[in-house]
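Chemist: Just so it is clear, I am handing over protein-v2.pdb, which has PDB, C-alpha atoms (C1' of nucleotides).
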```pdb
ATOM      1  CA  MET A  17      -4.699 -47.298  26.083
ATOM      2  CA  PRO A  18      -2.998 -47.811  29.346
ATOM      3  CA  GLU A  19       0.658 -48.662  28.791
ATOM      4  CA  LEU A  20       3.456 -48.343  31.327
ATOM      5  CA  PRO A  21       3.295 -44.524  31.832
ATOM      6  CA  GLU A  22      -0.476 -44.579  32.265
ATOM      7  CA  VAL A  23      -0.359 -47.469  34.737
ATOM      8  CA  GLU A  24       2.481 -45.794  36.631
ATOM      9  CA  THR A  25       0.449 -42.572  36.840
ATOM     10  CA  VAL A  26      -2.542 -44.485  38.211
ATOM     11  CA  ARG A  27      -0.207 -46.196  40.675
ATOM     12  CA  ARG A  28       1.187 -42.914  41.988
ATOM     13  CA  ASP A  29      -2.250 -41.341  42.279
ATOM     14  CA  LEU A  30      -3.657 -44.323  44.153
ATOM     15  CA  ALA A  31      -0.615 -44.442  46.415
ATOM     16  CA  GLU A  32      -1.475 -40.883  47.437
ATOM     17  CA  SER A  33      -5.194 -41.388  47.840
ATOM     18  CA  VAL A  34      -5.927 -44.905  49.086
ATOM     19  CA  LEU A  35      -2.752 -46.290  50.668
ATOM     20  CA  GLY A  36      -3.417 -47.410  54.244
ATOM     21  CA  LEU A  37      -7.181 -47.588  53.790
ATOM     22  CA  VAL A  38      -9.109 -50.788  54.412
ATOM     23  CA  ILE A  39     -11.315 -52.469  51.809
ATOM     24  CA  ASP A  40     -14.457 -52.889  53.931
ATOM     25  CA  SER A  41     -16.065 -54.908  51.164
ATOM     26  CA  ALA A  42     -15.637 -55.615  47.466
ATOM     27  CA  GLU A  43     -18.081 -56.625  44.748
ATOM     28  CA  ALA A  44     -17.452 -57.894  41.236
ATOM     29  CA  TYR A  45     -20.438 -57.414  38.946
ATOM     30  CA  ASP A  46     -18.919 -59.334  36.065
ATOM     31  CA  GLU A  47     -17.115 -62.640  36.600
ATOM     32  CA  MET A  48     -15.538 -62.466  33.183
ATOM     33  CA  ILE A  49     -12.986 -59.936  34.426
ATOM     34  CA  LEU A  50     -11.903 -62.198  37.282
ATOM     35  CA  VAL A  51      -8.950 -64.509  36.697
ATOM     36  CA  GLY A  52      -9.315 -67.877  38.421
ATOM     37  CA  LEU A  53     -11.916 -66.926  41.004
ATOM     38  CA  THR A  54     -15.637 -66.406  41.428
ATOM     39  CA  ALA A  55     -17.359 -63.202  42.496
ATOM     40  CA  GLY A  56     -18.008 -64.801  45.881
ATOM     41  CA  GLN A  57     -14.374 -65.720  46.442
ATOM     42  CA  PHE A  58     -13.354 -62.243  45.278
ATOM     43  CA  ALA A  59     -15.610 -60.622  47.892
ATOM     44  CA  ARG A  60     -14.507 -62.954  50.713
ATOM     45  CA  ARG A  61     -10.766 -62.662  50.079
ATOM     46  CA  LEU A  62     -10.747 -58.856  49.925
ATOM     47  CA  ALA A  63     -13.122 -57.942  52.742
ATOM     48  CA  GLY A  64     -11.341 -56.335  55.686
ATOM     49  CA  LYS A  65      -7.921 -56.182  54.027
ATOM     50  CA  GLN A  66      -5.771 -53.091  54.330
ATOM     51  CA  ILE A  67      -3.975 -51.634  51.297
ATOM     52  CA  VAL A  68      -0.346 -51.681  52.429
ATOM     53  CA  ASP A  69       1.560 -51.026  49.194
ATOM     54  CA  ILE A  70       0.923 -50.331  45.518
ATOM     55  CA  ARG A  71       3.534 -51.456  43.008
ATOM     56  CA  ARG A  72       3.647 -52.012  39.266
ATOM     57  CA  SER A  73       5.217 -54.523  36.921
ATOM     58  CA  GLY A  74       4.859 -53.804  33.202
ATOM     59  CA  LYS A  75       1.239 -52.831  32.708
ATOM     60  CA  VAL A  76       0.038 -54.681  35.812
ATOM     61  CA  LEU A  77      -0.795 -52.892  39.070
ATOM     62  CA  ILE A  78       0.107 -54.888  42.175
ATOM     63  CA  ILE A  79      -1.926 -53.856  45.197
ATOM     64  CA  GLU A  80      -0.423 -55.468  48.273
ATOM     65  CA  LEU A  81      -2.891 -56.252  51.032
ATOM     66  CA  SER A  82      -2.555 -57.118  54.674
ATOM     67  CA  GLY A  83      -2.460 -60.877  55.171
ATOM     68  CA  GLY A  84       0.000 -61.615  52.360
ATOM     69  CA  GLU A  85      -2.202 -61.518  49.300
ATOM     70  CA  CYS A  86      -1.943 -59.143  46.352
ATOM     71  CA  LEU A  87      -4.690 -57.823  44.104
ATOM     72  CA  LEU A  88      -3.408 -57.672  40.521
ATOM     73  CA  VAL A  89      -5.102 -55.242  38.146
ATOM     74  CA  HIS A  90      -4.695 -55.168  34.360
ATOM     75  CA  LEU A  91      -6.562 -52.278  32.735
ATOM     76  CA  ARG A  92      -6.027 -53.540  29.167
ATOM     77  CA  MET A  93      -7.564 -51.208  26.600
ATOM     78  CA  THR A  94     -10.396 -49.369  28.236
ATOM     79  CA  GLY A  95      -9.896 -49.920  31.943
ATOM     80  CA  ARG A  96     -10.049 -47.180  34.549
ATOM     81  CA  LEU A  97      -9.325 -47.441  38.276
ATOM     82  CA  TYR A  98      -9.938 -44.446  40.512
ATOM     83  CA  PRO A  99     -11.692 -43.485  43.749
ATOM     84  CA  LEU A 100     -15.081 -42.001  43.043
ATOM     85  CA  PRO A 101     -15.544 -38.543  44.568
ATOM     86  CA  MET A 102     -18.043 -38.667  47.444
ATOM     87  CA  GLY A 103     -21.666 -38.541  46.375
ATOM     88  CA  GLN A 104     -20.929 -39.283  42.716
ATOM     89  CA  ALA A 105     -22.913 -42.056  41.014
ATOM     90  CA  VAL A 106     -21.122 -45.256  39.983
ATOM     91  CA  PRO A 107     -20.374 -44.857  36.235
ATOM     92  CA  ASP A 108     -21.642 -47.085  33.412
ATOM     93  CA  HIS A 109     -19.591 -50.225  32.767
ATOM     94  CA  THR A 110     -18.314 -50.446  36.328
ATOM     95  CA  ARG A 111     -17.239 -54.088  36.689
ATOM     96  CA  ALA A 112     -16.063 -54.016  40.298
ATOM     97  CA  VAL A 113     -16.340 -51.725  43.320
ATOM     98  CA  PHE A 114     -14.120 -51.587  46.410
ATOM     99  CA  HIS A 115     -15.822 -49.929  49.372
ATOM    100  CA  LEU A 116     -13.079 -48.106  51.281
ATOM    101  CA  SER A 117     -12.886 -47.358  54.978
ATOM    102  CA  ASP A 118     -13.029 -43.591  54.388
ATOM    103  CA  GLY A 119     -16.459 -43.968  52.796
ATOM    104  CA  ARG A 120     -15.329 -43.664  49.185
ATOM    105  CA  LYS A 121     -15.684 -46.267  46.449
ATOM    106  CA  LEU A 122     -12.716 -47.328  44.340
ATOM    107  CA  VAL A 123     -14.236 -48.221  40.959
ATOM    108  CA  PHE A 124     -12.924 -50.506  38.240
ATOM    109  CA  VAL A 125     -14.623 -49.317  35.044
ATOM    110  CA  ASN A 126     -14.149 -51.364  31.916
ATOM    111  CA  PRO A 127     -16.469 -50.848  28.909
ATOM    112  CA  ARG A 128     -14.942 -53.559  26.719
ATOM    113  CA  ARG A 129     -14.558 -56.123  29.495
ATOM    114  CA  LEU A 130     -10.964 -56.786  28.522
ATOM    115  CA  GLY A 131      -9.452 -55.754  31.850
ATOM    116  CA  ARG A 132      -8.624 -58.376  34.466
ATOM    117  CA  LEU A 133      -8.436 -58.711  38.251
ATOM    118  CA  GLU A 134      -6.546 -61.526  39.958
ATOM    119  CA  ILE A 135      -5.682 -62.337  43.562
ATOM    120  CA  ALA A 136      -2.311 -63.974  44.183
ATOM    121  CA  ASP A 137       0.035 -64.847  46.998
ATOM    122  CA  CYS A 138       2.465 -61.909  47.322
ATOM    123  CA  ASP A 139       5.520 -64.113  47.643
ATOM    124  CA  ARG A 140       4.531 -66.213  44.625
ATOM    125  CA  LEU A 141       3.667 -63.436  42.203
ATOM    126  CA  ALA A 142       5.701 -64.980  39.399
ATOM    127  CA  GLU A 143       3.119 -67.764  39.213
ATOM    128  CA  ALA A 144       0.168 -65.412  38.759
ATOM    129  CA  LYS A 145      -1.528 -65.646  35.360
ATOM    130  CA  LEU A 146      -1.234 -61.910  34.746
ATOM    131  CA  LEU A 147       2.511 -61.917  35.445
ATOM    132  CA  ARG A 148       3.651 -65.403  34.462
ATOM    133  CA  LYS A 149       4.825 -64.703  30.915
ATOM    134  CA  MET A 150       6.054 -61.219  31.580
ATOM    135  CA  GLY A 151       9.648 -60.220  30.837
ATOM    136  CA  ILE A 152      11.600 -57.437  32.538
ATOM    137  CA  ASP A 153       9.876 -54.153  33.298
ATOM    138  CA  ALA A 154      10.998 -51.446  30.871
ATOM    139  CA  LEU A 155      12.139 -49.173  33.717
ATOM    140  CA  SER A 156      13.773 -51.925  35.787
ATOM    141  CA  GLU A 157      17.434 -51.535  36.667
ATOM    142  CA  GLU A 158      17.908 -55.185  35.700
ATOM    143  CA  LEU A 159      17.530 -54.133  32.104
ATOM    144  CA  ASP A 160      20.806 -53.039  30.574
ATOM    145  CA  GLU A 161      22.101 -52.853  27.019
ATOM    146  CA  GLN A 162      23.656 -56.304  27.216
ATOM    147  CA  VAL A 163      20.398 -57.887  28.351
ATOM    148  CA  VAL A 164      18.495 -56.098  25.590
ATOM    149  CA  GLY A 165      21.033 -57.310  23.041
ATOM    150  CA  GLU A 166      20.578 -60.891  24.199
ATOM    151  CA  MET A 167      16.800 -60.513  24.080
ATOM    152  CA  LEU A 168      16.893 -59.234  20.506
ATOM    153  CA  ARG A 169      19.276 -61.815  19.100
ATOM    154  CA  PRO A 170      16.985 -64.876  18.735
ATOM    155  CA  HIS A 171      14.204 -62.906  17.019
ATOM    156  CA  SER A 172      13.810 -62.176  13.337
ATOM    157  CA  ILE A 173      10.422 -60.478  13.754
ATOM    158  CA  VAL A 174      10.151 -56.775  13.023
ATOM    159  CA  LEU A 175      10.991 -54.360  15.825
ATOM    160  CA  LYS A 176       7.463 -52.973  16.066
ATOM    161  CA  GLN A 177       6.156 -56.393  17.043
ATOM    162  CA  TRP A 178       9.146 -57.252  19.180
ATOM    163  CA  LEU A 179       8.527 -54.143  21.279
ATOM    164  CA  LEU A 180       4.885 -55.122  21.842
ATOM    165  CA  ASP A 181       5.755 -58.616  23.099
ATOM    166  CA  GLN A 182       5.554 -58.372  26.893
ATOM    167  CA  SER A 183       7.722 -61.450  27.357
ATOM    168  CA  HIS A 184      10.803 -59.439  26.383
ATOM    169  CA  ILE A 185      10.489 -55.906  27.725
ATOM    170  CA  ALA A 186       7.256 -55.348  29.645
ATOM    171  CA  GLY A 187       5.226 -52.155  29.570
ATOM    172  CA  LEU A 188       5.213 -50.926  25.980
ATOM    173  CA  GLY A 189       2.031 -50.810  23.914
ATOM    174  CA  ASN A 190       1.027 -49.618  20.499
ATOM    175  CA  ILE A 191       1.392 -45.889  21.081
ATOM    176  CA  TYR A 192       4.819 -45.841  22.725
ATOM    177  CA  ALA A 193       6.215 -48.482  20.352
ATOM    178  CA  SER A 194       5.695 -46.088  17.433
ATOM    179  CA  GLU A 195       6.968 -43.099  19.414
ATOM    180  CA  ILE A 196      10.106 -44.918  20.531
ATOM    181  CA  LEU A 197      10.991 -46.162  17.038
ATOM    182  CA  HIS A 198      10.590 -42.666  15.657
ATOM    183  CA  ARG A 199      12.781 -41.118  18.322
ATOM    184  CA  CYS A 200      15.594 -43.535  17.683
ATOM    185  CA  ARG A 201      15.124 -43.283  13.922
ATOM    186  CA  LEU A 202      14.508 -46.968  13.369
ATOM    187  CA  HIS A 203      12.106 -48.186  10.699
ATOM    188  CA  PRO A 204       9.309 -50.281  12.278
ATOM    189  CA  ASP A 205      10.083 -53.180   9.900
ATOM    190  CA  THR A 206      13.704 -53.509  10.998
ATOM    191  CA  PRO A 207      14.263 -57.160  11.990
ATOM    192  CA  ALA A 208      14.953 -57.306  15.741
ATOM    193  CA  ASN A 209      18.093 -59.424  15.367
ATOM    194  CA  THR A 210      19.799 -56.935  13.037
ATOM    195  CA  LEU A 211      20.427 -54.361  15.766
ATOM    196  CA  ASP A 212      24.070 -54.122  16.783
ATOM    197  CA  ALA A 213      25.224 -53.304  20.324
ATOM    198  CA  ARG A 214      25.211 -49.599  19.636
ATOM    199  CA  ALA A 215      21.654 -49.657  18.264
ATOM    200  CA  ALA A 216      20.449 -51.794  21.165
ATOM    201  CA  ARG A 217      21.896 -49.279  23.614
ATOM    202  CA  LYS A 218      20.216 -46.413  21.805
ATOM    203  CA  LEU A 219      16.919 -48.317  21.767
ATOM    204  CA  LEU A 220      17.062 -48.909  25.518
ATOM    205  CA  ARG A 221      17.946 -45.286  26.247
ATOM    206  CA  THR A 222      15.106 -44.086  24.050
ATOM    207  CA  ILE A 223      12.619 -46.438  25.717
ATOM    208  CA  ARG A 224      13.557 -45.002  29.118
ATOM    209  CA  ARG A 225      13.535 -41.397  27.930
ATOM    210  CA  VAL A 226      10.132 -41.629  26.250
ATOM    211  CA  LEU A 227       8.504 -43.497  29.158
ATOM    212  CA  GLU A 228       9.894 -41.106  31.737
ATOM    213  CA  GLU A 229       8.776 -38.097  29.752
ATOM    214  CA  ALA A 230       5.295 -39.599  29.361
ATOM    215  CA  ILE A 231       5.098 -40.264  33.119
ATOM    216  CA  LYS A 232       6.040 -36.641  33.726
ATOM    217  CA  TRP A 233       3.080 -35.614  31.580
ATOM    218  CA  ARG A 234       0.847 -38.138  33.383
ATOM    219  CA  GLY A 235       0.291 -40.415  30.402
ATOM    220  CA  THR A 236      -1.423 -40.303  27.026
ATOM    221  CA  THR A 237      -5.198 -40.078  26.681
ATOM    222  CA  VAL A 238      -6.481 -41.093  23.260
ATOM    223  CA  SER A 239      -9.912 -42.328  24.249
ATOM    224  CA  ASP A 240     -10.636 -43.974  27.587
ATOM    225  CA  TYR A 241      -7.605 -43.592  29.806
ATOM    226  CA  VAL A 242      -7.855 -41.428  32.907
ATOM    227  CA  THR A 243      -5.322 -41.051  35.706
ATOM    228  CA  GLY A 244      -5.912 -42.276  39.233
ATOM    229  CA  ARG A 245      -7.545 -38.902  39.824
ATOM    230  CA  GLY A 246     -10.122 -39.604  37.141
ATOM    231  CA  VAL A 247      -8.853 -36.997  34.659
ATOM    232  CA  PRO A 248      -7.065 -37.333  31.268
ATOM    233  CA  GLY A 249      -3.291 -37.340  30.782
ATOM    234  CA  GLU A 250      -1.321 -34.719  28.847
ATOM    235  CA  PHE A 251       1.242 -36.594  26.758
ATOM    236  CA  GLN A 252      -1.041 -36.840  23.692
ATOM    237  CA  LYS A 253      -0.055 -33.241  22.962
ATOM    238  CA  ARG A 254       3.557 -34.332  22.709
ATOM    239  CA  LEU A 255       3.147 -37.374  20.459
ATOM    240  CA  ARG A 256       5.346 -37.128  17.389
ATOM    241  CA  VAL A 257       3.894 -39.843  15.158
ATOM    242  CA  TYR A 258       1.005 -41.768  16.754
ATOM    243  CA  GLY A 259      -2.329 -40.656  15.306
ATOM    244  CA  ARG A 260      -0.612 -38.083  13.053
ATOM    245  CA  GLU A 261      -1.040 -39.715   9.631
ATOM    246  CA  GLY A 262      -0.624 -37.156   6.829
ATOM    247  CA  LYS A 263       0.837 -34.524   9.151
ATOM    248  CA  ARG A 264       4.317 -33.055   9.036
ATOM    249  CA  CYS A 265       7.088 -34.735  10.996
ATOM    250  CA  ARG A 266       7.963 -32.757  14.105
ATOM    251  CA  CYS A 267      11.703 -33.291  13.815
ATOM    252  CA  ARG A 268      13.851 -30.253  13.257
ATOM    253  CA  ASN A 269      14.767 -29.828   9.572
ATOM    254  CA  CYS A 270      12.597 -32.739   8.470
ATOM    255  CA  SER A 271      10.058 -32.287   5.693
ATOM    256  CA  GLY A 272       8.660 -35.836   6.040
ATOM    257  CA  VAL A 273       4.977 -36.666   6.273
ATOM    258  CA  ILE A 274       3.813 -39.276   8.808
ATOM    259  CA  VAL A 275       2.636 -42.557   7.297
ATOM    260  CA  ARG A 276       0.325 -45.165   8.852
ATOM    261  CA  THR A 277       0.811 -48.868   8.222
ATOM    262  CA  THR A 278      -0.319 -51.943  10.116
ATOM    263  CA  HIS A 279       1.478 -54.758  11.895
ATOM    264  CA  ALA A 280      -0.655 -57.722  12.960
ATOM    265  CA  GLY A 281      -3.752 -55.571  12.604
ATOM    266  CA  ARG A 282      -2.387 -52.743  14.771
ATOM    267  CA  SER A 283      -1.664 -49.246  13.508
ATOM    268  CA  THR A 284       1.950 -48.223  13.184
ATOM    269  CA  TYR A 285       2.966 -44.637  12.488
ATOM    270  CA  TYR A 286       6.377 -43.512  11.257
ATOM    271  CA  CYS A 287       8.220 -40.861   9.255
ATOM    272  CA  PRO A 288       9.739 -42.345   6.074
ATOM    273  CA  GLN A 289      12.406 -39.637   6.089
ATOM    274  CA  CYS A 290      13.592 -39.922   9.689
ATOM    275  CA  GLN A 291      13.118 -43.693   9.729
ATOM    276  CA  PRO A 292      14.428 -45.045   6.423
ATOM    277  CA  ALA A 293      13.888 -48.737   5.672
ATOM    278  CA  ALA A 294      16.637 -51.049   6.874
ATOM    279  CA  ARG A 295      18.997 -52.180   4.145
TER     280      ARG A 295
ATOM    281  C1'  DA B   6      10.854 -72.754  19.694
ATOM    282  C1'  DA B   7       9.702 -68.838  16.920
ATOM    283  C1'  DG B   8       6.319 -66.610  14.573
ATOM    284  C1'  DA B   9       1.921 -65.887  12.187
ATOM    285  C1'  DA B  10      -2.908 -65.816  12.343
ATOM    286  C1'  DG B  11      -7.268 -65.950  14.592
ATOM    287  C1'  DT B  12     -10.140 -64.673  18.549
ATOM    288  C1'  DC B  13     -12.278 -62.046  22.199
ATOM    289  C1'  DC B  14     -14.571 -57.760  23.826
ATOM    290  C1'  DT B  15     -18.095 -53.547  22.746
ATOM    291  C1'  DG B  16     -18.783 -48.328  22.276
ATOM    292  C1'  DG B  17     -18.471 -45.123  18.869
ATOM    293  C1'  DG B  18     -18.014 -43.354  14.270
ATOM    294  C1'  DC B  19     -19.432 -43.665   9.731
ATOM    295  C1'  DG B  20     -22.137 -44.403   5.395
ATOM    296  C1'  DC B  21     -26.482 -44.974   3.530
TER     297       DC B  21
ATOM    298  C1'  DT C  26     -33.669 -41.579  12.676
ATOM    299  C1'  DG C  27     -31.956 -46.049  12.530
ATOM    300  C1'  DC C  28     -29.473 -49.831  10.918
ATOM    301  C1'  DG C  29     -25.335 -52.422   9.957
ATOM    302  C1'  DC C  30     -20.473 -52.396   9.332
ATOM    303  C1'  DC C  31     -15.952 -51.690  10.928
ATOM    304  C1'  DC C  32     -12.341 -50.080  13.934
ATOM    305  C1'  DA C  33      -9.634 -49.674  18.302
ATOM    306  C1'  DG C  34      -5.517 -53.014  20.732
ATOM    307  C1'  DG C  35      -3.684 -56.183  24.670
ATOM    308  C1'  DA C  36      -3.066 -60.796  25.345
ATOM    309  C1'  DC C  37      -4.323 -65.453  24.798
ATOM    310  C1'  DT C  38      -4.914 -69.692  21.853
ATOM    311  C1'  DT C  39      -4.011 -72.410  17.918
ATOM    312  C1'  DC C  40      -1.409 -73.840  14.177
ATOM    313  C1'  DT C  41       2.725 -74.361  11.251
TER     314       DT C  41
END
```
Produce C-alpha cells that represent the structure in this file.
Modeler:
Amino acid sequence: MPELPEVETVRRDLAESVLGLVIDSAEAYDEMILVGLTAGQFARRLAGKQIVDIRRSGKVLIIELSGGECLLVHLRMTGRLYPLPMGQAVPDHTRAVFHLSDGRKLVFVNPRRLGRLEIADCDRLAEAKLLRKMGIDALSEELDEQVVGEMLRPHSIVLKQWLLDQSHIAGLGNIYASEILHRCRLHPDTPANTLDARAARKLLRTIRRVLEEAIKWRGTTVSDYVTGRGVPGEFQKRLRVYGREGKRCRCRNCSGVIVRTTHAGRSTYYCPQCQPAAR
DNA sequence: AAGAAGTCCTGGGCGC
DNA sequence: TGCGCCCAGGACTTCT
C-alpha cells in the first residue's frame, strides 16, 4: 500500500522519466476518481500542459504544470502511476491515461477505485481537498521533537492510531506504523499523550530512519504497489513485524514471537517481548 | 474538540 | 467448477 516511501519512489522515478514532457491529451475513464471535476474538465485543463516539477506531500504526489496548475495524485491502496513502455497494452483497471509528447502513455491504474486525482491552483495548494487536512510531512524539516511533543499532548488515543492520522504527521500508513513502533520498542496501545520528551524524540528519529531506509530500498510491495518504473519495491524483505505473525522476532537476543492484533479494523503487528505493554 | 464507529471500493483467497 | 463470504486499508462521514 503506497505510503510515504512508495510515493517518494514513484516521485523520483517520474522525475527521471517524464519531467519536461508535455501532456498532449488526458482522458479519465472513471469520474469517481476525480475530485471536484468532470472527465471533460479534466481533459481540457491538462491538454497541452508541460510537466515542470514533481513534488510530494505526505502520500500525495504534486505534479506541477505549466500555467500555474498542479495535478494532485493520491494512489490510496491499490494505485499505480507509471509510464507504459512503448507498444505495451493499457492494463486492466486503468482509470486515467496521460498521452505524453514522447509518444508514451502515463497510466493511472487503480483496481479498487480508491485513488484520487485533483487539479488545484499551485499557489493555493493548502485549499485542495487532498491536502487540506494534512499535517506536516514526516520528512519535513519543520518537524522537530518539540513539534511532535506538542502534537502528541492533546491525544489520548493509542499510538498506532495516532501515527495513522494524517492530520498530525503525514505519510505513515499501516505497514510503517507497525515497523516504527517495533523499532522504538513502543507497544502499539501506548496512549499518545504518555510519551515524554525523550520518547517523542526517539519516535521522530525512528520515523525518519525507517522511512529513509525504505526509500533506499524503493518501498514495500505487499500486493499492488509498483515503483514509477512499473516494478515491485524491495523493502518487504526487510520488514521486522508486518505480515510476520507467528514468526520469530528479528531483534538480536530476542526470543519473542510476532503477534497480530487489530486497531480500528486494521492489522497491527508487534513483538510482546520487545514492545511490552505500557504501565 | 477528540475519538469511535461506519462506509466505500473490488480482486483475490478460501471453504464447501 | 462455481458460488458466496470475507479480507485488505486510506480517508471521509457521522455520531457521541
Chemist: Just say which residues the PyMOL selection byres ((chain C and resi 38) around 12) picks in this file, as a VMD selection string.
Modeler: (chain B and resid 10 to 13) or (chain C and resid 36 to 37 39 to 40)
Chemist: Can you spit out the residues from that selection as an mmCIF file, in the frame of the given file, using C-alpha atoms (C1' of nucleotides)?
Modeler:
```cif
data_model
loop_
_atom_site.group_PDB
_atom_site.id
_atom_site.type_symbol
_atom_site.label_atom_id
_atom_site.label_comp_id
_atom_site.auth_asym_id
_atom_site.auth_seq_id
_atom_site.Cartn_x
_atom_site.Cartn_y
_atom_site.Cartn_z
ATOM 1 C "C1'" DA B 10 -2.908 -65.816 12.343
ATOM 2 C "C1'" DG B 11 -7.268 -65.950 14.592
ATOM 3 C "C1'" DT B 12 -10.140 -64.673 18.549
ATOM 4 C "C1'" DC B 13 -12.278 -62.046 22.199
ATOM 5 C "C1'" DA C 36 -3.066 -60.796 25.345
ATOM 6 C "C1'" DC C 37 -4.323 -65.453 24.798
ATOM 7 C "C1'" DT C 39 -4.011 -72.410 17.918
ATOM 8 C "C1'" DC C 40 -1.409 -73.840 14.177
#
```
Chemist: Quick one: residues within 12 Å of (5.8, -61.5, 26.2) (file frame), counting all atoms listed in the file, please, as a VMD selection string.
Modeler: (chain A and resid 74 to 75 146 to 153 167 177 to 189) or (chain C and resid 35 to 37)
Chemist: Could you tell me, as a list of chain:residue names, exactly which residues end up selected when the PyMOL selection byres ((chain A and resi 76-84) around 7) is applied to this structure?
Modeler: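 Matching residues under the PyMOL selection byres ((chain A and resi 76-84) around 7) are A:Val23, A:Arg27, A:Lys65, A:Gln66, A:Ile67, A:Val68, A:Asp69, A:Ile70, A:Arg71, A:Arg72, A:Ser73, A:Gly74, A:Lys75, A:Glu85, A:Cys86, A:Leu87, A:Leu88, A:Val89, A:His90, A:Asp137, A:Cys138.
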Chemist: Between CA of Gly246 in chain A and CA of Asp29 in chain A, what distance in Å does the model show, to one decimal?
Modeler: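 Separation between CA of Gly246 in chain A and CA of Asp29 in chain A: 9.6 Å.
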Chemist: Calculated over all atoms listed in the file, which of the candidates A:Leu37, A:Ala63, A:Val238, A:Cys290 has the smallest distance to chain C?
Modeler: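 With all atoms listed in the file as the atom set, the closest residue is A:Val238.
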Chemist: Work out where the centre of an axis-aligned box around every listed atom of range 174-178 of chain A lies and how long its edges are once 5 Å is added on each side; give both in Å to one decimal as lines of an AutoDock Vina configuration file.
Modeler:
```
center_x = 8.6
center_y = -55.1
center_z = 16.1
size_x = 14.8
size_y = 14.3
size_z = 16.2
```
Chemist: Based on all atoms listed in the file, which of the residues in chain A come within 7 Å of chain B? I want them as an NGL selection string.
Modeler: :A and (127-130)
